Amino acid sequence: MYKLSIIIPLFNEQHRLSYNLTILEKFLKKKSKKDIEIIFVNDGSYDSTNKIIKNFIHKNKKNCKFRYISYKNNIGKGFAVKKGILASKNYWILVCDADMSVSPKQFDIWFKNNLIQKKDEAYFGSRVHKQSNIKALFVRKIIGFLFNILLSLLFNIKSSDTQCGFKVFNSHYIKKIFRKLKCNGYAYDVEIALLLKKHHIKIIELPLKWRHQKGSKVNLIKDSIKIFFDLIILKVR
């Protein structure tokens, strides 16, 4: 069943949206309005993100169903994704980063190749999958490698790339799981992986095409430290 909700969290993305939204627009023009809904979640942006997204929705409302969730304070990516997930209405739910480092058409590739089928599974894009096509900064690869070692030590998580922002869930289980999510920041991916495991939802890692995009809001040092402390809190909890 091809009925897809795409969740796109946003925070101060004005400098990247003009290009990244063209990728989304091309994707939507090839789809039936009945097949897709896009849910933008504006996580307290204070730049022109709000204006750009509203203009995009007005321009493309004939091609797709849209929902726009916006609130004043920046709370965190985990909270934004949760808001989008709980508002979704379709059978499959894709979480996709606003930078479009992975194009939404990656879902179509997985779907057409019958890699996405079961309602009791979750599908994580993996940048370390041997079939993935990746262009990333070397320092990010090193940090990702060290992060996976830490996860293995703390939680015994077998997923090789929890932090990739391209994930597919099924409506059969995902709202129940996200209602239990407590982490509002970047470490939410890890908590979701743990909750999926607790509820016996198997995580399937799939290959993808991933390209590093300039203008990321992630500070490799500051946010890495924050994620580390979030993981310690999650471990204690």
# chains A, B, ... in the order shown; residues from 1 in each chain; ligands from 1
call {"tool": "closest_atom_pairs", "arguments": {"of": "stretch 186-207 of chain A", "to": "stretch 125-131 of chain A", "cutoff": "12 Å", "atoms": "only C-alpha atoms", "output": "tab-separated table"}}
result
residue	atom	partner	partner_atom	distance
A:Ile203	CA	A:Gly125	CA	10.2
A:Ile204	CA	A:Gly125	CA	8.5
A:Glu205	CA	A:Gly125	CA	5.8
A:Leu206	CA	A:Gly125	CA	5.0
A:Pro207	CA	A:Gln131	CA	5.4
call {"tool": "select_by_dssp", "arguments": {"residues": "stretch 110-182 of chain A", "states": "strand (DSSP E)", "output": "list in words"}}
result
Glu121, Ala122, Tyr123, Phe124, Gly125, Asn133, Ile134, Lys135, Lys167, Val168, Phe169 and Asn170 of chain A
call {"tool": "residues_around", "arguments": {"residues": "stretch 103-120 of chain A", "least_positions_apart": "2", "cutoff": "9 Å", "atoms": "only C-alpha atoms", "output": "ChimeraX atom specification"}}
result
/A:1-2,6,23-24,27,91-92,94,96,100-101,122-123,166,168-173,200-202,206-210
call {"tool": "write_last_selection", "arguments": {"atoms": "C-alpha atoms", "output": "tab-separated table (two decimals), in the first residue's frame"}}
result
chain	number	residue	atom	x	y	z
A	1	MET	CA	0.00	0.00	0.00
A	2	TYR	CA	1.56	3.29	-1.11
A	6	ILE	CA	6.52	12.60	5.18
A	23	ILE	CA	14.02	18.43	-4.64
A	24	LEU	CA	10.78	17.91	-2.75
A	27	PHE	CA	9.23	14.42	-6.10
A	91	TYR	CA	-0.02	3.92	6.31
A	92	TRP	CA	3.73	4.54	6.00
A	94	LEU	CA	8.84	8.71	6.55
A	96	CYS	CA	13.17	13.07	6.32
A	100	MET	CA	17.40	16.60	1.75
A	101	SER	CA	20.74	14.86	2.20
A	122	ALA	CA	10.94	-0.23	11.01
A	123	TYR	CA	13.30	0.72	8.20
A	166	PHE	CA	15.89	8.93	6.95
A	168	VAL	CA	10.32	4.68	7.73
A	169	PHE	CA	7.73	3.50	10.24
A	170	ASN	CA	4.28	1.97	10.01
A	171	SER	CA	1.11	3.48	11.42
A	172	HIS	CA	0.32	0.09	12.98
A	173	TYR	CA	2.67	0.79	15.91
A	200	HIS	CA	9.45	-6.30	19.40
A	201	ILE	CA	9.53	-4.15	16.25
A	202	LYS	CA	12.42	-5.32	14.11
A	206	LEU	CA	18.64	-0.34	4.17
A	207	PRO	CA	21.16	1.21	1.76
A	208	LEU	CA	20.72	4.76	0.51
A	209	LYS	CA	22.28	7.59	-1.42
A	210	TRP	CA	23.42	10.29	1.03
call {"tool": "residues_around", "arguments": {"residues": "stretch 70-81 of chain A", "least_positions_apart": "5", "cutoff": "6 Å", "atoms": "only C-alpha atoms", "output": "PyMOL selection string"}}
result
chain A and resi 9+41-44+184-186+188
call {"tool": "write_last_selection", "arguments": {"atoms": "C-alpha atoms", "output": "JSON list (two decimals), in the first residue's frame"}}
result
[["chain", "number", "residue", "atom", "x", "y", "z"],
["A", 9, "PRO", "CA", 11.35, 18.94, 11.07],
["A", 41, "VAL", "CA", 7.11, 20.93, 11.80],
["A", 42, "ASN", "CA", 8.65, 24.33, 12.51],
["A", 43, "ASP", "CA", 10.57, 23.89, 15.76],
["A", 44, "GLY", "CA", 10.68, 27.53, 16.88],
["A", 184, "ASN", "CA", 13.45, 16.06, 22.84],
["A", 185, "GLY", "CA", 16.91, 16.41, 21.30],
["A", 186, "TYR", "CA", 19.08, 14.56, 18.79],
["A", 188, "TYR", "CA", 15.70, 10.77, 20.32]]
call {"tool": "closest_residue", "arguments": {"among": "A:Ile232, A:Ile57, A:Ile52, A:Leu151", "to": "A:Cys183", "atoms": "only C-alpha atoms"}}
result
A:Ile232
call {"tool": "residues_around", "arguments": {"residues": "A:Asn60", "least_positions_apart": "2", "cutoff": "12 Å", "atoms": "only C-alpha atoms", "output": "PyMOL selection string"}}
result
chain A and resi 21-22+24-29+31+33+37-38+53-58+62-66
call {"tool": "write_last_selection", "arguments": {"atoms": "C-alpha atoms", "output": "PDB file, in the first residue's frame"}}
result
ATOM      1  CA  LEU A  21      12.478  22.425  -1.592  1.00  0.00           C
ATOM      2  CA  THR A  22      13.048  22.050  -5.337  1.00  0.00           C
ATOM      3  CA  LEU A  24      10.782  17.905  -2.745  1.00  0.00           C
ATOM      4  CA  GLU A  25       8.762  19.710  -5.411  1.00  0.00           C
ATOM      5  CA  LYS A  26      10.083  17.454  -8.201  1.00  0.00           C
ATOM      6  CA  PHE A  27       9.227  14.423  -6.099  1.00  0.00           C
ATOM      7  CA  LEU A  28       5.652  15.598  -5.492  1.00  0.00           C
ATOM      8  CA  LYS A  29       4.900  16.347  -9.142  1.00  0.00           C
ATOM      9  CA  LYS A  31       2.771  11.598  -7.267  1.00  0.00           C
ATOM     10  CA  LYS A  33      -2.381  13.896  -4.301  1.00  0.00           C
ATOM     11  CA  GLU A  37       0.898  14.061   2.806  1.00  0.00           C
ATOM     12  CA  ILE A  38       3.717  16.349   3.877  1.00  0.00           C
ATOM     13  CA  ILE A  53       7.326  27.084   3.944  1.00  0.00           C
ATOM     14  CA  LYS A  54       3.955  28.798   3.753  1.00  0.00           C
ATOM     15  CA  ASN A  55       4.760  30.044   0.244  1.00  0.00           C
ATOM     16  CA  PHE A  56       5.845  26.547  -0.776  1.00  0.00           C
ATOM     17  CA  ILE A  57       2.620  25.021   0.526  1.00  0.00           C
ATOM     18  CA  HIS A  58       0.515  27.619  -1.294  1.00  0.00           C
ATOM     19  CA  LYS A  62      -2.676  21.111  -5.798  1.00  0.00           C
ATOM     20  CA  ASN A  63       0.013  18.444  -5.872  1.00  0.00           C
ATOM     21  CA  CYS A  64      -0.137  17.261  -2.291  1.00  0.00           C
ATOM     22  CA  LYS A  65      -1.870  17.358   1.062  1.00  0.00           C
ATOM     23  CA  PHE A  66       0.021  19.517   3.555  1.00  0.00           C
TER      24      PHE A  66
END
call {"tool": "select_by_dssp", "arguments": {"residues": "stretch 129-217 of chain A", "states": "helix (DSSP H, G or I)", "output": "number ranges by chain"}}
result
A: 138-155, 174-178, 188-198
call {"tool": "closest_residue", "arguments": {"among": "A:Ala98, A:Lys89, A:Val190, A:Ser132", "to": "A:Phe155", "atoms": "only C-alpha atoms"}}
result
A:Val190
call {"tool": "atom_distance", "arguments": {"atom1": "atom CA of A:Leu4", "atom2": "atom CA of A:Ile85"}}
result
11.8 Å
